[in-house]
Number of protein chains: 2
Amino acid sequence: MDVKEQVLEIGKQARAACRELAKLSTRKKNLILEAMAEALDAQRAFIQSENARDLAAGREAGLAPAMLDRLALTDARIDAMIKGLRDVAVLNDPVGEQISTWNRPNGLEIRKVRVPIGVIGIVFESRPNVTCDAAALCFKTSNAVILRGGKEAIHSNLAIAKAMQEGGEAKGMPAHAIQLIPTTDREAVRVMCQMTRYLDLIIPRGGEGLIQAVTEMAHVPVIKHYKGVCHTYVDAAADLSMAWRICENAKCQRPGVCNAMETLLVHEAVAESFLPRMGEIFAARGVELRGDEETRRWIPDAKPATEADWYEEFLDLVLAVRVVADVEAAVEHINTYGSGHSDAIVTADEKAAKTFLAEVDSATVYVNASTRFTDGAEFGMGAEIGISTDKLHARGPMGLEELTTYKFTISGKGQVRE
Amino acid sequence: MDVKEQVLEIGKQARAACRELAKLSTRKKNLILEAMAEALDAQRAFIQSENARDLAAGREAGLAPAMLDRLALTDARIDAMIKGLRDVAVLNDPVGEQISTWNRPNGLEIRKVRVPIGVIGIVFESRPNVTCDAAALCFKTSNAVILRGGKEAIHSNLAIAKAMQEGGEAKGMPAHAIQLIPTTDREAVRVMCQMTRYLDLIIPRGGEGLIQAVTEMAHVPVIKHYKGVCHTYVDAAADLSMAWRICENAKCQRPGVCNAMETLLVHEAVAESFLPRMGEIFAARGVELRGDEETRRWIPDAKPATEADWYEEFLDLVLAVRVVADVEAAVEHINTYGSGHSDAIVTADEKAAKTFLAEVDSATVYVNASTRFTDGAEFGMGAEIGISTDKLHARGPMGLEELTTYKFTISGKGQVRE
């Protein structure tokens, strides 16, 4: 079989698995998730020996230490995957939930019911734990999943998938509910992106290059977890102590993640009182600043910002800083350069807050809080499959509910249309 | 300007209009819709003279009489557009609705709020009234809309759009909230499909060729209003009188629409008692039947069905008929050959009904009613922009709510992440 045939066959089997998945009760699904957790524990030695093969190949290929670290399946990481499966088991199952119901004057009873999406494809890069986390969320929502990981982690991913399949199937999980593409040929991703008959949704998780490639090839609907060019805007009416604390947190608490601040916008009326102290705080934390002319009046050590800096997701201790005329100018900047992820205003002025909340076109918009809170767990959603920067069909943190769609069921007594 | 520049400029202007649209109150939007209705009435003579140009060109090009009929803007059709605008004005405005709200232990207040999608592209074929209907629904939901109609109706579409723009803008509608692509160059559709920066969603409305072309070119998310290969399954436990009535209605009441029945499935246990009379009813209505071997035992006049017939959307007085072993076989047939639109079971057996509702993977699934009810108005949703056969982001009849997405707004008191 060539790659195309192989992937189409996997798609066909996933589609067939959907029918069987639809028949599982929540209780049964939870027992299966528990069995998967036990199997991961039981096959720990095998998983780690397969992981060692990936690590050796990675060292040989000269992977950066940070990459090798992300690839390593330590005992703690396997424990985290096991705990993750058990956490998903206790979460509420959205499938079958009645979203709304109403009767029509002719007696028809209409119900809008939550159902699985069907077959979900996840294309991801190095971290092998995504195999486990994504499969668990898709399984809990009765979706069949087709996983496609990076080539650096292929043996680790296959070992994790095998443990989950064996553990799950022993307790009645349908065959092909969870599949991992065994080839690392890039052609497989193209076939996935275009097999509209077998795949209902594709979620790319990884760097910009991966996401763009998938988007451009896809005929299947895509939900992107794209970059987070997040802003904090310090308004004229901001409590400056609060603003210093929020900005420090948003930039420094974990700079390498998508909800960290990448650009700071400051109202011109408080530039003089806010920026010098902010500059000292960032200097103490080792943050490199890139400012516009007005910023550099108050923080002379800042480097000059270029146009490209406003678009940049630094994912590092680097921050672009710009002084703006008012809240409207801040909104304009964010809607022009941002990525629709998370943006915050610090202000005591309710009118400015209202304008900002209404007009910033992003998934999550904050008043007087750090953008670092954009996260399924912080939102109280339990697990998350990621944070959508798309508007359709899910936006912001995506939990179990966002892995479902709905259908209408209509019960009648023989009604026909006049 | 070449076509690409022209369409991108329209996109840019639509994106700018979104910000202004977000500021309009419901009351103001309704006044603008009323002003559009008045402008259509006031410009009726101009619209009809422009329509006469399209009709003359159509006759010259040899358009079929049915096509010419769909193109004609009679007084009654203009009245219907005017009434449509007023109907949309009185519908509830979903924008700004709080979908849910909760507080976190750290005091953050999270709100999930309904917001416009942004810029919506509608690519449609001959009927010029779509210009008015689609623009009204998008405007009511504070979305900017870019319309692209067929070349046969270009003058009619431009005249309708002009009236709506002039009437609306006189009452404060933002410039570029409603735009119609003035060129009939097909390249314009390709540019629309790929301008991810300016377009948030594209909805193709028309024949299979149009929908496939858009799907294949699109990088922008697409919601398809695809074909309706709708089934009625007559179960072993069906009330046969009800089944005859429902099947006659589903096939004959309006055969040219997407929710009409295209394939009839019959449980083998009732083939003998159900099919001969059903054959007589259809013969009396002039329906051509195409049956499998078992069907032709009981309706000898039926033509033999081919494999292609099971996939066919006849949109005419033609029906495929198949005898199946049980409800599972019916579900299997529907999930294999159907288009995920509307499917019905006729049965008095609750278990069979439950299986059918749970396992048929379609937008609307019926028990003991005609599939002809799949329609926004019949569902009580007011207006509809169409019936989605996709699973994301909207499924089945799409009303105003389905033209919105959501965002999270989070209010704090200076919270930072630990």
# chains A, B, ... in the order shown; residues from 1 in each chain; ligands from 1
call {"tool": "closest_atom_pairs", "arguments": {"of": "stretch 148-253 of chain A", "to": "stretch 348-360 of chain A", "cutoff": "7 Å", "atoms": "only C-alpha atoms", "output": "tab-separated table"}}
result
residue	atom	partner	partner_atom	distance
A:Ala237	CA	A:Ala348	CA	5.4
A:Ala238	CA	A:Ala348	CA	5.5
A:Asp239	CA	A:Ala348	CA	6.7
call {"tool": "closest_atom_pairs", "arguments": {"of": "chain A", "to": "chain B", "cutoff": "6 Å", "atoms": "only C-alpha atoms", "output": "Markdown table"}}
result
| residue | atom | partner | partner_atom | distance |
| --- | --- | --- | --- | --- |
| A:Met242 | CA | B:Gly414 | CA | 5.7 |
| A:Ile246 | CA | B:Val416 | CA | 5.9 |
| A:Ala363 | CA | B:Lys407 | CA | 4.9 |
| A:Thr364 | CA | B:Phe408 | CA | 4.6 |
| A:Val365 | CA | B:Thr409 | CA | 4.8 |
| A:Tyr366 | CA | B:Ile410 | CA | 4.7 |
| A:Val367 | CA | B:Ser411 | CA | 4.8 |
| A:Asn368 | CA | B:Gly414 | CA | 4.9 |
| A:Ala369 | CA | B:Gln415 | CA | 4.9 |
| A:Ser370 | CA | B:Val416 | CA | 5.2 |
| A:Leu392 | CA | B:His393 | CA | 5.6 |
| A:His393 | CA | B:His393 | CA | 4.2 |
| A:Lys407 | CA | B:Ala363 | CA | 4.9 |
| A:Phe408 | CA | B:Thr364 | CA | 4.6 |
| A:Thr409 | CA | B:Val365 | CA | 4.9 |
| A:Ile410 | CA | B:Tyr366 | CA | 4.7 |
| A:Ser411 | CA | B:Val367 | CA | 4.8 |
| A:Gly412 | CA | B:Asn368 | CA | 5.0 |
| A:Lys413 | CA | B:Asn368 | CA | 5.5 |
| A:Gly414 | CA | B:Asn368 | CA | 4.9 |
| A:Gln415 | CA | B:Ala369 | CA | 4.9 |
| A:Val416 | CA | B:Ser370 | CA | 5.2 |
call {"tool": "write_last_selection", "arguments": {"atoms": "C-alpha atoms", "output": "PDB file, in the first residue's frame"}}
result
ATOM      1  CA  MET A 242      -1.876  47.114  39.519  1.00  0.00           C
ATOM      2  CA  ILE A 246      -0.141  42.648  35.817  1.00  0.00           C
ATOM      3  CA  ALA A 363     -11.173  35.160  21.848  1.00  0.00           C
ATOM      4  CA  THR A 364     -10.535  36.367  25.407  1.00  0.00           C
ATOM      5  CA  VAL A 365     -10.556  39.985  26.507  1.00  0.00           C
ATOM      6  CA  TYR A 366      -9.603  41.017  30.050  1.00  0.00           C
ATOM      7  CA  VAL A 367     -10.168  43.975  32.326  1.00  0.00           C
ATOM      8  CA  ASN A 368      -7.663  44.307  35.175  1.00  0.00           C
ATOM      9  CA  ALA A 369      -6.190  40.818  35.010  1.00  0.00           C
ATOM     10  CA  SER A 370      -3.217  39.064  33.448  1.00  0.00           C
ATOM     11  CA  LEU A 392     -15.540  28.912  13.980  1.00  0.00           C
ATOM     12  CA  HIS A 393     -16.587  26.617  15.436  1.00  0.00           C
ATOM     13  CA  LYS A 407     -28.143  17.557  15.636  1.00  0.00           C
ATOM     14  CA  PHE A 408     -31.884  18.112  15.628  1.00  0.00           C
ATOM     15  CA  THR A 409     -34.181  15.218  16.399  1.00  0.00           C
ATOM     16  CA  ILE A 410     -37.851  15.704  15.630  1.00  0.00           C
ATOM     17  CA  SER A 411     -40.665  13.499  16.888  1.00  0.00           C
ATOM     18  CA  GLY A 412     -44.047  13.553  15.249  1.00  0.00           C
ATOM     19  CA  LYS A 413     -47.321  11.697  14.993  1.00  0.00           C
ATOM     20  CA  GLY A 414     -47.502  11.535  11.216  1.00  0.00           C
ATOM     21  CA  GLN A 415     -47.274  15.258  10.432  1.00  0.00           C
ATOM     22  CA  VAL A 416     -46.874  16.187   6.766  1.00  0.00           C
TER      23      VAL A 416
END
call {"tool": "select_by_dssp", "arguments": {"residues": "stretch 18-198 of chain B", "states": "strand (DSSP E)", "output": "PyMOL selection string"}}
result
chain B and resi 98-103+109-116+119-124+144-148+178-180
call {"tool": "select_by_dssp", "arguments": {"residues": "stretch 34-168 of chain B", "states": "helix (DSSP H, G or I)", "output": "PyMOL selection string"}}
result
chain B and resi 34-42+44-60+65-71+75-90+129-140+151-168
call {"tool": "residues_around", "arguments": {"residues": "B:Glu313", "least_positions_apart": "6", "cutoff": "7 Å", "atoms": "only C-alpha atoms", "output": "ChimeraX atom specification"}}
result
/B:227-229,262
call {"tool": "write_last_selection", "arguments": {"atoms": "C-alpha atoms", "output": "PDB file, in the first residue's frame"}}
result
ATOM      1  CA  LYS B 227     -27.314  18.589  -1.433  1.00  0.00           C
ATOM      2  CA  GLY B 228     -30.195  16.893   0.326  1.00  0.00           C
ATOM      3  CA  VAL B 229     -30.204  13.167  -0.372  1.00  0.00           C
ATOM      4  CA  GLU B 262     -34.888  10.967  -2.700  1.00  0.00           C
TER       5      GLU B 262
END
call {"tool": "atom_distance", "arguments": {"atom1": "atom CA of B:Ala320", "atom2": "atom CA of B:Glu208"}}
result
20.0 Å
call {"tool": "atom_distance", "arguments": {"atom1": "atom CA of A:Gln6", "atom2": "atom CA of A:Gly149"}}
result
16.0 Å
call {"tool": "closest_residue", "arguments": {"among": "A:Leu68, A:His225, A:Arg59, A:Gly207", "to": "A:Ile387", "atoms": "only C-alpha atoms"}}
result
A:His225
call {"tool": "atom_distance", "arguments": {"atom1": "atom CA of A:Leu289", "atom2": "atom CA of A:Gly256"}}
result
16.0 Å
